[in-house]
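Undergrad: So that you have it, the file is run-v8.csv, and it contains CSV, C-alpha atoms:
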```csv
chain,number,residue,atom,x,y,z
A,1,PRO,CA,86.8,163.3,45.0
A,2,SER,CA,89.4,160.6,45.5
A,3,THR,CA,92.8,161.6,46.9
A,4,SER,CA,96.0,159.9,45.4
A,5,LEU,CA,97.6,157.2,47.5
A,6,LEU,CA,100.9,159.0,47.8
A,7,ARG,CA,99.3,162.3,48.8
A,8,SER,CA,97.2,160.4,51.4
A,9,LEU,CA,100.3,158.7,52.8
A,10,VAL,CA,102.4,161.8,53.1
A,11,ALA,CA,99.7,164.1,54.4
A,12,GLY,CA,98.5,161.5,56.9
A,13,GLY,CA,102.0,160.7,58.1
A,14,LEU,CA,102.8,164.4,58.7
A,15,ALA,CA,99.4,165.0,60.4
A,16,GLY,CA,99.8,162.0,62.7
A,17,THR,CA,103.2,163.1,63.9
A,18,THR,CA,102.1,166.7,64.4
A,19,VAL,CA,99.3,165.6,66.8
A,20,ASP,CA,101.1,162.9,68.7
A,21,VAL,CA,104.1,165.1,69.5
A,22,ALA,CA,102.0,168.2,70.3
A,23,LEU,CA,99.4,166.5,72.6
A,24,PHE,CA,101.5,163.8,74.1
A,25,PRO,CA,101.1,165.0,77.8
A,26,MET,CA,97.3,164.7,77.6
A,27,ASP,CA,97.7,161.1,76.4
A,28,THR,CA,100.0,160.4,79.4
A,29,VAL,CA,97.5,161.8,81.9
A,30,LYS,CA,94.8,159.6,80.3
A,31,THR,CA,96.9,156.4,80.4
A,32,ARG,CA,97.9,156.9,84.0
A,33,LEU,CA,94.3,157.5,85.1
A,34,GLN,CA,93.4,154.2,83.4
A,35,SER,CA,96.3,152.2,84.9
A,36,PRO,CA,95.5,149.6,87.6
A,37,GLN,CA,97.9,151.2,90.1
A,38,GLY,CA,96.2,154.6,89.9
A,39,PHE,CA,97.3,158.0,88.6
A,40,ARG,CA,99.8,158.9,91.3
A,41,ALA,CA,101.5,155.5,91.5
A,42,ALA,CA,101.8,155.5,87.7
A,43,GLY,CA,103.8,158.7,87.8
A,44,GLY,CA,101.3,161.5,88.4
A,45,PHE,CA,102.4,164.7,86.6
A,46,THR,CA,106.1,163.8,86.5
A,47,GLY,CA,107.8,162.6,83.3
A,48,MET,CA,104.9,163.6,81.1
A,49,TYR,CA,106.9,162.9,77.9
A,50,ARG,CA,108.0,159.3,78.8
A,51,GLY,CA,107.2,157.1,75.8
A,52,LEU,CA,107.3,160.0,73.3
A,53,GLY,CA,109.9,158.2,71.3
A,54,ALA,CA,107.7,155.1,70.9
A,55,ALA,CA,104.8,157.3,69.8
A,56,ALA,CA,106.9,159.3,67.4
A,57,VAL,CA,108.2,156.1,65.7
A,58,GLY,CA,104.7,154.8,65.0
A,59,SER,CA,102.7,157.9,64.5
A,60,ALA,CA,103.7,158.7,60.9
A,61,PRO,CA,103.5,155.2,59.4
A,62,GLY,CA,100.2,154.5,61.4
A,63,ALA,CA,98.5,157.6,60.2
A,64,ALA,CA,99.9,157.3,56.7
A,65,LEU,CA,98.5,153.7,56.5
A,66,PHE,CA,95.1,154.8,57.8
A,67,PHE,CA,94.7,157.6,55.3
A,68,GLY,CA,96.2,155.7,52.5
A,69,VAL,CA,93.7,152.9,52.8
A,70,TYR,CA,90.8,155.2,53.8
A,71,GLU,CA,91.1,157.5,50.8
A,72,GLN,CA,91.6,154.6,48.3
A,73,MET,CA,88.8,152.5,49.7
A,74,LYS,CA,86.1,155.3,49.8
A,75,PRO,CA,85.4,155.3,46.0
A,76,ARG,CA,85.8,151.4,45.9
A,77,SER,CA,83.3,151.0,48.8
A,78,LYS,CA,80.9,153.4,47.1
A,79,GLN,CA,81.1,151.4,43.9
A,80,LEU,CA,80.4,148.1,45.7
A,81,GLN,CA,77.6,149.8,47.7
A,82,ARG,CA,75.9,150.9,44.5
A,83,SER,CA,76.5,147.6,42.7
A,84,TYR,CA,74.8,145.6,45.5
A,85,GLY,CA,72.2,148.2,46.3
A,86,ILE,CA,73.3,148.7,49.9
A,87,PHE,CA,71.8,152.1,50.7
A,88,PRO,CA,73.2,153.4,47.4
A,89,GLU,CA,72.5,157.1,48.1
A,90,ASN,CA,73.9,157.0,51.7
A,91,ALA,CA,77.6,158.2,51.6
A,92,ALA,CA,78.0,157.3,55.3
A,93,VAL,CA,78.1,153.6,54.5
A,94,SER,CA,81.1,153.8,52.2
A,95,HIS,CA,82.9,156.2,54.7
A,96,MET,CA,82.3,153.7,57.5
A,97,ALA,CA,83.6,150.8,55.5
A,98,ALA,CA,86.7,152.6,54.3
A,99,ALA,CA,87.4,153.9,57.8
A,100,CYS,CA,87.1,150.4,59.3
A,101,LEU,CA,89.6,149.0,56.7
A,102,GLY,CA,91.9,151.9,57.4
A,103,GLU,CA,91.9,151.3,61.1
A,104,ALA,CA,92.6,147.6,60.6
A,105,ALA,CA,95.7,148.5,58.6
A,106,ALA,CA,96.9,151.2,60.9
A,107,CYS,CA,96.6,149.0,64.0
A,108,LEU,CA,99.3,146.8,62.6
A,109,VAL,CA,101.7,149.7,63.3
A,110,ARG,CA,99.8,151.4,66.1
A,111,VAL,CA,99.5,148.5,68.5
A,112,PRO,CA,103.2,147.7,69.0
A,113,THR,CA,104.0,151.4,69.6
A,114,GLU,CA,101.0,151.7,72.0
A,115,VAL,CA,102.2,148.7,74.0
A,116,LEU,CA,105.7,150.3,74.4
A,117,LYS,CA,104.3,153.8,75.0
A,118,SER,CA,101.9,152.6,77.7
A,119,LYS,CA,104.5,150.8,79.6
A,120,MET,CA,106.9,153.7,79.6
A,121,GLN,CA,104.1,156.2,80.5
A,122,THR,CA,103.2,154.2,83.6
A,123,ASN,CA,106.8,153.7,84.7
A,124,ALA,CA,106.6,149.8,84.4
A,125,ALA,CA,109.6,148.0,85.7
A,126,GLY,CA,112.3,147.8,83.1
A,127,SER,CA,110.9,150.6,80.9
A,128,GLN,CA,113.6,153.2,81.5
A,129,THR,CA,114.4,153.5,77.8
A,130,LEU,CA,112.7,152.6,74.5
A,131,LEU,CA,115.2,149.9,73.9
A,132,SER,CA,114.9,148.3,77.4
A,133,THR,CA,111.1,148.5,77.0
A,134,LEU,CA,111.2,146.7,73.7
A,135,GLN,CA,113.5,144.0,75.1
A,136,LEU,CA,111.1,143.6,78.1
A,137,VAL,CA,108.0,143.2,75.8
A,138,LEU,CA,109.8,140.8,73.5
A,139,LYS,CA,110.4,138.5,76.4
A,140,GLU,CA,106.7,138.4,77.4
A,141,PRO,CA,104.5,135.4,76.4
A,142,PRO,CA,103.3,135.8,72.8
A,143,ALA,CA,100.1,137.8,72.7
A,144,ALA,CA,99.0,136.5,69.3
A,145,SER,CA,99.5,133.1,67.6
A,146,PHE,CA,100.2,134.7,64.2
A,147,VAL,CA,103.2,136.6,65.6
A,148,PRO,CA,104.7,134.3,68.2
A,149,PHE,CA,108.3,135.7,67.8
A,150,LEU,CA,107.2,139.2,68.7
A,151,GLY,CA,106.4,138.5,72.3
A,152,GLY,CA,103.8,140.9,73.8
A,153,LEU,CA,104.1,143.5,71.0
A,154,TYR,CA,100.7,142.7,69.7
A,155,ARG,CA,99.1,142.4,73.1
A,156,GLY,CA,95.7,144.1,72.9
A,157,TYR,CA,95.5,144.0,69.1
A,158,GLY,CA,91.9,142.6,69.2
A,159,ILE,CA,90.6,145.1,71.7
A,160,THR,CA,92.3,148.0,70.0
A,161,LEU,CA,90.6,147.0,66.8
A,162,MET,CA,87.3,146.7,68.8
A,163,ARG,CA,87.9,150.3,70.0
A,164,GLU,CA,89.1,151.8,66.7
A,165,VAL,CA,86.3,150.3,64.5
A,166,PRO,CA,83.4,151.8,66.5
A,167,PHE,CA,85.4,155.0,66.9
A,168,ALA,CA,85.8,155.2,63.1
A,169,LEU,CA,82.1,154.3,62.5
A,170,ILE,CA,81.1,157.3,64.7
A,171,GLN,CA,83.8,159.8,63.8
A,172,PHE,CA,84.2,159.6,60.0
A,173,PRO,CA,80.5,159.8,58.9
A,174,ILE,CA,80.1,162.8,61.2
A,175,TYR,CA,83.3,164.4,59.8
A,176,GLU,CA,82.3,163.8,56.2
A,177,ARG,CA,78.7,164.9,56.7
A,178,LEU,CA,79.6,168.1,58.6
A,179,LYS,CA,82.0,169.0,55.8
A,180,VAL,CA,79.2,168.5,53.2
A,181,GLU,CA,76.7,170.5,55.2
A,182,TRP,CA,79.2,173.3,55.9
A,183,SER,CA,80.0,173.4,52.2
A,184,VAL,CA,76.4,173.6,51.1
A,185,GLN,CA,74.9,175.8,53.8
A,186,ARG,CA,77.7,178.2,54.4
A,187,LYS,CA,79.9,178.3,51.3
A,188,GLY,CA,77.5,177.8,48.4
A,189,GLY,CA,79.0,174.4,47.5
A,190,GLN,CA,82.6,175.5,47.7
A,191,PRO,CA,85.0,173.0,49.4
A,192,THR,CA,85.6,173.6,53.1
A,193,SER,CA,88.9,175.2,54.2
A,194,PRO,CA,91.5,173.3,56.3
A,195,ILE,CA,90.3,175.1,59.4
A,196,GLU,CA,86.7,174.2,58.7
A,197,GLY,CA,87.6,170.6,58.0
A,198,ALA,CA,89.5,170.6,61.2
A,199,ALA,CA,86.4,171.8,63.2
A,200,CYS,CA,84.3,169.0,61.6
A,201,GLY,CA,86.9,166.4,62.6
A,202,SER,CA,87.1,167.8,66.1
A,203,VAL,CA,83.3,167.4,66.7
A,204,GLY,CA,83.3,163.9,65.3
A,205,GLY,CA,86.3,162.9,67.4
A,206,ALA,CA,84.9,164.3,70.7
A,207,ILE,CA,81.7,162.3,70.3
A,208,ALA,CA,83.5,159.1,69.3
A,209,ALA,CA,86.0,159.5,72.1
A,210,ALA,CA,83.3,159.7,74.8
A,211,CYS,CA,81.4,156.7,73.4
A,212,THR,CA,84.5,154.4,73.2
A,213,THR,CA,86.2,155.2,76.5
A,214,PRO,CA,85.2,151.9,78.1
A,215,LEU,CA,87.0,150.1,75.2
A,216,ASP,CA,90.0,152.3,75.7
A,217,VAL,CA,90.2,151.4,79.4
A,218,MET,CA,90.1,147.7,78.4
A,219,LYS,CA,92.8,148.3,75.8
A,220,THR,CA,95.1,150.1,78.3
A,221,ARG,CA,94.8,147.3,80.9
A,222,LEU,CA,95.5,144.5,78.4
A,223,MET,CA,98.5,146.3,77.0
A,224,LEU,CA,99.9,146.9,80.5
A,225,GLY,CA,99.4,143.2,81.1
A,226,ARG,CA,98.8,143.0,84.8
A,227,ASP,CA,96.6,144.4,87.6
A,228,LYS,CA,97.9,146.3,90.6
A,229,HIS,CA,98.7,143.0,92.4
A,230,GLY,CA,100.8,141.7,89.5
A,231,ILE,CA,98.2,139.2,88.3
A,232,PRO,CA,98.2,138.9,84.5
A,233,TYR,CA,95.1,139.8,82.5
A,234,ARG,CA,94.2,136.8,80.2
A,235,HIS,CA,91.8,138.4,77.7
A,236,ALA,CA,89.3,141.2,77.3
A,237,LEU,CA,86.4,139.4,79.1
A,238,ASP,CA,88.8,138.8,82.0
A,239,VAL,CA,89.5,142.5,82.2
A,240,VAL,CA,85.8,143.4,82.2
A,241,THR,CA,85.0,140.8,84.9
A,242,ARG,CA,87.8,141.8,87.2
A,243,ILE,CA,87.3,145.5,86.8
A,244,SER,CA,83.6,145.2,87.5
A,245,ALA,CA,84.1,143.0,90.5
A,246,GLU,CA,87.1,144.7,92.1
A,247,GLU,CA,86.9,148.3,91.1
A,248,GLY,CA,83.4,149.0,90.0
A,249,THR,CA,81.9,149.9,86.6
A,250,ALA,CA,82.7,153.6,87.0
A,251,THR,CA,86.4,152.6,86.3
A,252,PHE,CA,85.4,152.0,82.6
A,253,PHE,CA,85.1,155.8,82.3
A,254,HIS,CA,88.4,156.7,84.0
A,255,GLY,CA,90.3,159.2,81.8
A,256,ILE,CA,87.2,160.2,79.8
A,257,GLN,CA,87.9,164.0,80.4
A,258,PRO,CA,91.5,164.0,79.1
A,259,ARG,CA,90.6,161.5,76.4
A,260,VAL,CA,87.7,163.7,75.0
A,261,MET,CA,89.9,166.8,75.3
A,262,TRP,CA,92.9,165.2,73.7
A,263,ILE,CA,90.9,163.7,70.8
A,264,SER,CA,88.8,166.8,70.2
A,265,ILE,CA,91.9,169.1,70.2
A,266,GLY,CA,93.8,166.3,68.4
A,267,GLY,CA,91.0,165.9,65.8
A,268,PHE,CA,91.1,169.6,65.1
A,269,VAL,CA,94.9,169.6,64.7
A,270,PHE,CA,95.0,166.2,62.9
A,271,PHE,CA,92.3,166.9,60.3
A,272,GLY,CA,93.5,170.5,59.9
A,273,ALA,CA,97.0,169.4,59.4
A,274,TYR,CA,95.9,166.7,57.0
A,275,GLU,CA,93.9,169.1,54.9
A,276,PHE,CA,96.7,171.7,55.1
A,277,TYR,CA,99.5,169.3,54.1
A,278,SER,CA,97.3,167.9,51.3
A,279,SER,CA,96.8,171.4,49.9
A,280,LEU,CA,100.5,172.1,50.1
A,281,LEU,CA,101.7,168.9,48.4
A,282,PRO,CA,102.5,169.3,44.6
A,283,PRO,CA,100.0,168.0,42.1
A,284,ILE,CA,102.1,165.1,41.1
A,285,LEU,CA,101.5,163.4,44.4
```
Turn the structure described in the file into structure tokens.

TA:
Amino acid sequence: PSTSLLRSLVAGGLAGTTVDVALFPMDTVKTRLQSPQGFRAAGGFTGMYRGLGAAAVGSAPGAALFFGVYEQMKPRSKQLQRSYGIFPENAAVSHMAAACLGEAAACLVRVPTEVLKSKMQTNAAGSQTLLSTLQLVLKEPPAASFVPFLGGLYRGYGITLMREVPFALIQFPIYERLKVEWSVQRKGGQPTSPIEGAACGSVGGAIAAACTTPLDVMKTRLMLGRDKHGIPYRHALDVVTRISAEEGTATFFHGIQPRVMWISIGGFVFFGAYEFYSSLLPPIL
């Protein structure tokens, strides 16, 4: 069944904020493990909540945008799928299409906050406060031609989308399929509870997180902007070439343990919170 746009926006926003605030230290550990200067030089276990303000500002609108688009596009994608005969009986296709569109929309909010958060988490020069970090990033060379006045705020948008789309293609069909199977096999066709939906989201998230870790490393490096010698990264291919030559291919899996742990726990909290908030919201939404 389709969920109303307003209900999706409110429940998604609340769920996103819940996860980002609760699990922020795990994200900090992951980002520091992936940074070019190394975990200890990036701050180690000190200042684990640096950058929380940036994450908190973007989490609600980012998650709200994702779920707003995702829930509205699921029935439309299914309609197009049947109209054009594209695996008409396979629900995973419409789930994947809706999730991709949701991620593209969410990244418009998520990328600027990720750029600010990453710099603060790794103690980049000039990133003492959220305002000073914003001023620093705005002075950087434009990262995208369509937003030249925003400096480096959209640095890594392309690679973030390249990470989020495969992530969504893996996670959401698993999430939706597990909910259906759980409902049919264990509950006689009754809808899954928020806790059961959360467990399905957690499994999908853990698998997707492990598969997309190399893309996450590339995203972190591009957003930080420079390697440990201060030489700027030019684009995603430059990141791949330099990491492979200077640090070895194993570097692409740095941070996989905290990333999988953070996203599997986060998936449980996020989907559980989304289902819970959705069930609490009044029928008019």

Undergrad: Which polymer residues have any atom within 12 Å of an atom of Arg82 in chain A, counting all atoms listed in the file, with same-chain residues fewer than 6 positions away left out, as number ranges by chain?

TA: A: 75-76, 88-91, 93-94

Undergrad: Select, from A:Gly205, A:Pro36, A:Pro214, A:Gly156, the residue with the minimum atom-to-atom distance to Thr113 in chain A, counting all atoms listed in the file.

TA: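 Closest residue, counting all atoms listed in the file: A:Gly156.
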
Undergrad: State, in Å with one decimal place, the distance from CA of Leu281 in chain A to CA of Trp182 in chain A.

TA: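 CA of Leu281 in chain A sits 24.1 Å away from CA of Trp182 in chain A.
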
Undergrad: Just give me the gap between CA of Gln72 in chain A and CA of Cys211 in chain A in Å, one decimal is fine.

TA: 27.2 Å

Undergrad: May I ask for the distance between CA of Val239 in chain A and CA of Met218 in chain A, given in Å to one decimal place?

TA: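 So the answer is 6.5 Å.
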
Undergrad: Smallest atom-to-atom distance to Ala210 in chain A: which of A:Thr251, A:Pro258, A:Ser244, A:Ile195, using all atoms listed in the file?

TA: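 Looking at the shortest contact to Ala210 in chain A, the residue is A:Pro258.
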
Undergrad: Using only C-alpha atoms, pick whichever of A:Tyr70, A:Phe24, A:Ala60, A:Gly102 has the shortest atom-to-atom distance to Ser8 in chain A.

TA: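 For Ser8 in chain A, the nearest of the candidates is A:Tyr70.
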
Undergrad: I need the residue nearest Leu5 in chain A from this list: A:Thr46, A:Gly189, A:Tyr154, A:Val69. Use all atoms listed in the file for the distance.

TA: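 Of A:Thr46, A:Gly189, A:Tyr154, A:Val69, the one nearest Leu5 in chain A, counting all atoms listed in the file, is A:Val69.
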